[in-house]
Amino acid sequence: MASIAVCPGSFDPITYGHLDIITRGAKVFDEVFVVVLSNSSKKPLFSVEERTEMIREVTKHLPNVKVDSFQGLLVDYASSVGASAIIRGLRAVSDFEYEMQITSMNRVLNDQIETFFIMTNSQYSFLSSSIVKEVAKYKGKISELVPPLVEKALMEKNTVK
């Protein structure tokens, strides 16, 4: 039986930290669905379509990675694609506290789906999409934080305003 995992996030935009977690997850699981979830508490810079297209482009070298989007409960999506696991990246203790709450709720909703935490590579421990957007807004250097395609998209978004 193939092992299928879901790697969810808002990915607004995808960073090298996200790619590190996705790549490492793809080494462990037969198939990984990278899923752009709509988060009503966040105001995204990029549309869901723009984010999914960027992720498809920067993960095309990973044959066992599929990219999708979903609105609703993550465990429902995971069940719909036959996933038995959720992959989450952890940067710091503060991430763990939040993730523990989400994982506990997911377990109540569906105890057949396990959550696997992957510690981020130390070079990305400070990295977040919010920080990248802030630096890009002021034309700071982000080439070491995001793939070139994402850097270009961020610069285009910031010149439109």
# chains A, B, ... in the order shown; residues from 1 in each chain; ligands from 1
>>> residues_around(residues="A:Glu134", least_positions_apart="6", cutoff="12 Å", atoms="only C-alpha atoms", output="list of chain:residue names")
A:Asp12, A:Pro13, A:Leu45, A:Leu127, A:Ser128, A:Gly140, A:Lys141, A:Ile142, A:Leu154, A:Met155, A:Asn158
>>> residues_around(residues="stretch 109-115 of chain A", least_positions_apart="4", cutoff="12 Å", atoms="only C-alpha atoms", output="short mmCIF file (atom, residue, chain, number, x, y, z; two decimals) with N, CA, C and O atoms, in the first residue's frame")
data_model
loop_
_atom_site.label_atom_id
_atom_site.label_comp_id
_atom_site.auth_asym_id
_atom_site.auth_seq_id
_atom_site.Cartn_x
_atom_site.Cartn_y
_atom_site.Cartn_z
N SER A 3 2.16 4.96 0.67
CA SER A 3 2.00 5.92 1.76
C SER A 3 1.76 7.30 1.15
O SER A 3 2.53 7.77 0.32
N ILE A 4 0.66 7.90 1.57
CA ILE A 4 0.26 9.21 1.03
C ILE A 4 0.19 10.20 2.18
O ILE A 4 -0.40 9.91 3.23
N ALA A 5 0.77 11.37 1.96
CA ALA A 5 0.75 12.43 2.97
C ALA A 5 0.26 13.73 2.35
O ALA A 5 0.36 13.94 1.14
N VAL A 6 -0.24 14.58 3.21
CA VAL A 6 -0.68 15.91 2.82
C VAL A 6 0.21 16.92 3.55
O VAL A 6 0.45 16.79 4.75
N CYS A 7 0.71 17.89 2.80
CA CYS A 7 1.53 18.95 3.37
C CYS A 7 0.77 20.27 3.15
O CYS A 7 0.84 20.84 2.06
N PRO A 8 0.02 20.71 4.15
CA PRO A 8 -0.84 21.89 3.98
C PRO A 8 -0.15 23.20 4.35
O PRO A 8 0.85 23.21 5.07
N GLY A 25 9.79 15.54 3.00
CA GLY A 25 8.59 14.70 3.09
C GLY A 25 8.46 13.78 1.90
O GLY A 25 8.06 12.62 2.03
N LEU A 73 -12.08 21.41 6.15
CA LEU A 73 -11.26 20.73 7.14
C LEU A 73 -10.16 19.90 6.48
O LEU A 73 -10.42 19.13 5.55
N LEU A 74 -8.95 20.06 6.96
CA LEU A 74 -7.80 19.35 6.41
C LEU A 74 -7.98 17.84 6.46
O LEU A 74 -7.65 17.14 5.50
N VAL A 75 -8.51 17.32 7.55
CA VAL A 75 -8.68 15.86 7.66
C VAL A 75 -9.66 15.34 6.61
O VAL A 75 -9.52 14.21 6.13
N ASP A 76 -10.65 16.15 6.22
CA ASP A 76 -11.58 15.75 5.17
C ASP A 76 -10.85 15.65 3.83
O ASP A 76 -11.04 14.72 3.07
N TYR A 77 -10.00 16.64 3.56
CA TYR A 77 -9.21 16.60 2.33
C TYR A 77 -8.29 15.38 2.35
O TYR A 77 -8.22 14.63 1.37
N ALA A 78 -7.58 15.19 3.44
CA ALA A 78 -6.66 14.05 3.56
C ALA A 78 -7.39 12.74 3.29
O ALA A 78 -6.90 11.89 2.53
N SER A 79 -8.54 12.56 3.88
CA SER A 79 -9.33 11.34 3.65
C SER A 79 -9.72 11.20 2.18
O SER A 79 -9.66 10.10 1.63
N SER A 80 -10.07 12.31 1.55
CA SER A 80 -10.52 12.26 0.15
C SER A 80 -9.44 11.81 -0.82
O SER A 80 -9.74 11.27 -1.88
N VAL A 81 -8.16 12.03 -0.46
CA VAL A 81 -7.07 11.59 -1.35
C VAL A 81 -6.39 10.32 -0.84
O VAL A 81 -5.38 9.88 -1.38
N GLY A 82 -6.95 9.73 0.22
CA GLY A 82 -6.40 8.48 0.75
C GLY A 82 -5.15 8.66 1.58
O GLY A 82 -4.38 7.70 1.77
N ALA A 83 -4.93 9.86 2.11
CA ALA A 83 -3.73 10.12 2.91
C ALA A 83 -3.90 9.58 4.33
O ALA A 83 -4.97 9.67 4.90
N SER A 84 -2.82 9.05 4.85
CA SER A 84 -2.82 8.59 6.24
C SER A 84 -1.95 9.48 7.11
O SER A 84 -1.79 9.23 8.30
N ALA A 85 -1.38 10.54 6.50
CA ALA A 85 -0.46 11.40 7.24
C ALA A 85 -0.57 12.85 6.81
O ALA A 85 -0.89 13.15 5.66
N ILE A 86 -0.26 13.71 7.76
CA ILE A 86 -0.14 15.15 7.53
C ILE A 86 1.29 15.52 7.89
O ILE A 86 1.79 15.11 8.94
N ILE A 87 1.94 16.27 7.03
CA ILE A 87 3.31 16.73 7.27
C ILE A 87 3.25 18.19 7.68
O ILE A 87 2.65 19.01 6.99
N ARG A 88 3.91 18.50 8.79
CA ARG A 88 3.98 19.89 9.25
C ARG A 88 5.43 20.22 9.59
O ARG A 88 6.14 19.41 10.17
N GLY A 89 5.85 21.42 9.23
CA GLY A 89 7.18 21.89 9.57
C GLY A 89 7.16 22.66 10.87
O GLY A 89 6.19 23.35 11.17
N LEU A 90 8.21 22.50 11.66
CA LEU A 90 8.34 23.24 12.92
C LEU A 90 9.61 24.07 12.89
O LEU A 90 10.69 23.56 12.57
N GLU A 99 0.81 24.04 16.69
CA GLU A 99 0.65 22.79 15.95
C GLU A 99 0.09 21.67 16.82
O GLU A 99 -0.66 20.83 16.35
N MET A 100 0.45 21.66 18.10
CA MET A 100 -0.08 20.65 18.99
C MET A 100 -1.60 20.79 19.12
O MET A 100 -2.32 19.79 19.13
N GLN A 101 -2.09 22.01 19.19
CA GLN A 101 -3.54 22.23 19.26
C GLN A 101 -4.23 21.73 18.00
O GLN A 101 -5.24 21.04 18.07
N ILE A 102 -3.68 22.09 16.86
CA ILE A 102 -4.27 21.68 15.57
C ILE A 102 -4.24 20.16 15.44
O ILE A 102 -5.23 19.53 15.05
N THR A 103 -3.11 19.56 15.78
CA THR A 103 -2.97 18.10 15.69
C THR A 103 -3.96 17.39 16.62
O THR A 103 -4.57 16.40 16.23
N SER A 104 -4.12 17.91 17.82
CA SER A 104 -5.07 17.31 18.75
C SER A 104 -6.49 17.39 18.22
O SER A 104 -7.26 16.42 18.31
N MET A 105 -6.85 18.51 17.62
CA MET A 105 -8.19 18.65 17.04
C MET A 105 -8.36 17.71 15.86
O MET A 105 -9.40 17.05 15.73
#
>>> select_by_dssp(residues="chain A", states="strand (DSSP E or B)", output="JSON, numbers by chain")
{"A": [4, 5, 6, 7, 8, 9, 31, 32, 33, 34, 35, 36, 37, 65, 66, 67, 68, 69, 70, 85, 86, 87, 88, 89, 90, 114, 115, 116, 117, 118, 119]}
>>> residues_around(residues="A:Glu151", least_positions_apart="3", cutoff="12 Å", atoms="only C-alpha atoms", output="number ranges by chain")
A: 12-16, 54, 58, 129, 132-133, 135-137, 139-148, 154-158
>>> select_by_dssp(residues="stretch 2-159 of chain A", states="helix (DSSP H, G or I)", output="MDAnalysis selection string")
chainID A and resid 16:28 48:58 74:80 93:109 122:124 129:137 148:159
>>> write_last_selection(atoms="C-alpha atoms", output="CSV table (one decimal), in the first residue's frame")
chain,number,residue,atom,x,y,z
A,16,TYR,CA,12.9,27.8,0.6
A,17,GLY,CA,11.8,26.7,4.1
A,18,HIS,CA,8.6,25.3,2.7
A,19,LEU,CA,10.5,23.6,-0.1
A,20,ASP,CA,12.8,22.0,2.4
A,21,ILE,CA,9.9,20.4,4.3
A,22,ILE,CA,8.2,19.3,1.1
A,23,THR,CA,11.4,17.8,-0.4
A,24,ARG,CA,12.2,15.9,2.8
A,25,GLY,CA,8.6,14.7,3.1
A,26,ALA,CA,8.7,13.5,-0.5
A,27,LYS,CA,11.7,11.3,0.4
A,28,VAL,CA,9.7,9.6,3.2
A,48,VAL,CA,-5.0,30.6,-4.4
A,49,GLU,CA,-4.5,30.0,-8.2
A,50,GLU,CA,-1.2,32.0,-8.2
A,51,ARG,CA,0.1,30.1,-5.2
A,52,THR,CA,-0.8,26.7,-6.6
A,53,GLU,CA,0.9,27.6,-9.9
A,54,MET,CA,4.1,28.8,-8.2
A,55,ILE,CA,4.2,25.6,-6.1
A,56,ARG,CA,3.7,23.4,-9.2
A,57,GLU,CA,6.5,25.2,-10.9
A,58,VAL,CA,9.0,25.0,-8.1
A,74,LEU,CA,-7.8,19.4,6.4
A,75,VAL,CA,-8.7,15.9,7.7
A,76,ASP,CA,-11.6,15.8,5.2
A,77,TYR,CA,-9.2,16.6,2.3
A,78,ALA,CA,-6.7,14.0,3.6
A,79,SER,CA,-9.3,11.3,3.6
A,80,SER,CA,-10.5,12.3,0.2
A,93,VAL,CA,8.8,26.2,20.3
A,94,SER,CA,6.0,28.7,19.5
A,95,ASP,CA,5.2,26.7,16.3
A,96,PHE,CA,4.9,23.5,18.4
A,97,GLU,CA,2.3,25.0,20.8
A,98,TYR,CA,0.1,26.0,17.9
A,99,GLU,CA,0.7,22.8,15.9
A,100,MET,CA,-0.1,20.6,19.0
A,101,GLN,CA,-3.5,22.2,19.3
A,102,ILE,CA,-4.3,21.7,15.6
A,103,THR,CA,-3.0,18.1,15.7
A,104,SER,CA,-5.1,17.3,18.8
A,105,MET,CA,-8.2,18.7,17.0
A,106,ASN,CA,-7.4,16.7,13.9
A,107,ARG,CA,-7.1,13.5,15.9
A,108,VAL,CA,-10.5,14.1,17.4
A,109,LEU,CA,-11.9,14.6,13.9
A,122,SER,CA,18.4,25.6,10.8
A,123,GLN,CA,19.2,28.0,8.0
A,124,TYR,CA,15.4,28.5,7.5
A,129,SER,CA,6.1,34.1,4.2
A,130,SER,CA,5.2,37.2,6.2
A,131,ILE,CA,8.8,38.2,6.7
A,132,VAL,CA,9.6,37.6,3.0
A,133,LYS,CA,6.6,39.8,2.0
A,134,GLU,CA,7.7,42.5,4.3
A,135,VAL,CA,11.3,42.5,3.0
A,136,ALA,CA,10.1,42.4,-0.6
A,137,LYS,CA,7.8,45.3,0.1
A,148,PRO,CA,13.6,33.1,-8.5
A,149,LEU,CA,10.1,32.6,-9.8
A,150,VAL,CA,8.6,33.7,-6.5
A,151,GLU,CA,11.0,36.6,-6.2
A,152,LYS,CA,9.9,37.8,-9.6
A,153,ALA,CA,6.2,37.5,-8.7
A,154,LEU,CA,6.8,39.3,-5.4
A,155,MET,CA,8.6,42.2,-7.1
A,156,GLU,CA,5.8,42.4,-9.7
A,157,LYS,CA,3.1,42.5,-6.9
A,158,ASN,CA,5.0,45.2,-5.1
A,159,THR,CA,5.4,47.5,-8.1
>>> residues_around(residues="A:Val36", least_positions_apart="3", cutoff="6 Å", atoms="only C-alpha atoms", output="PyMOL selection string")
chain A and resi 9-10+69
>>> atom_distance(atom1="atom CA of A:Glu31", atom2="atom CA of A:Leu62")
9.9 Å
>>> residues_around(residues="A:Val65", least_positions_apart="4", cutoff="8 Å", atoms="only C-alpha atoms", output="MDAnalysis selection string")
chainID A and resid 26 31:34 59:60
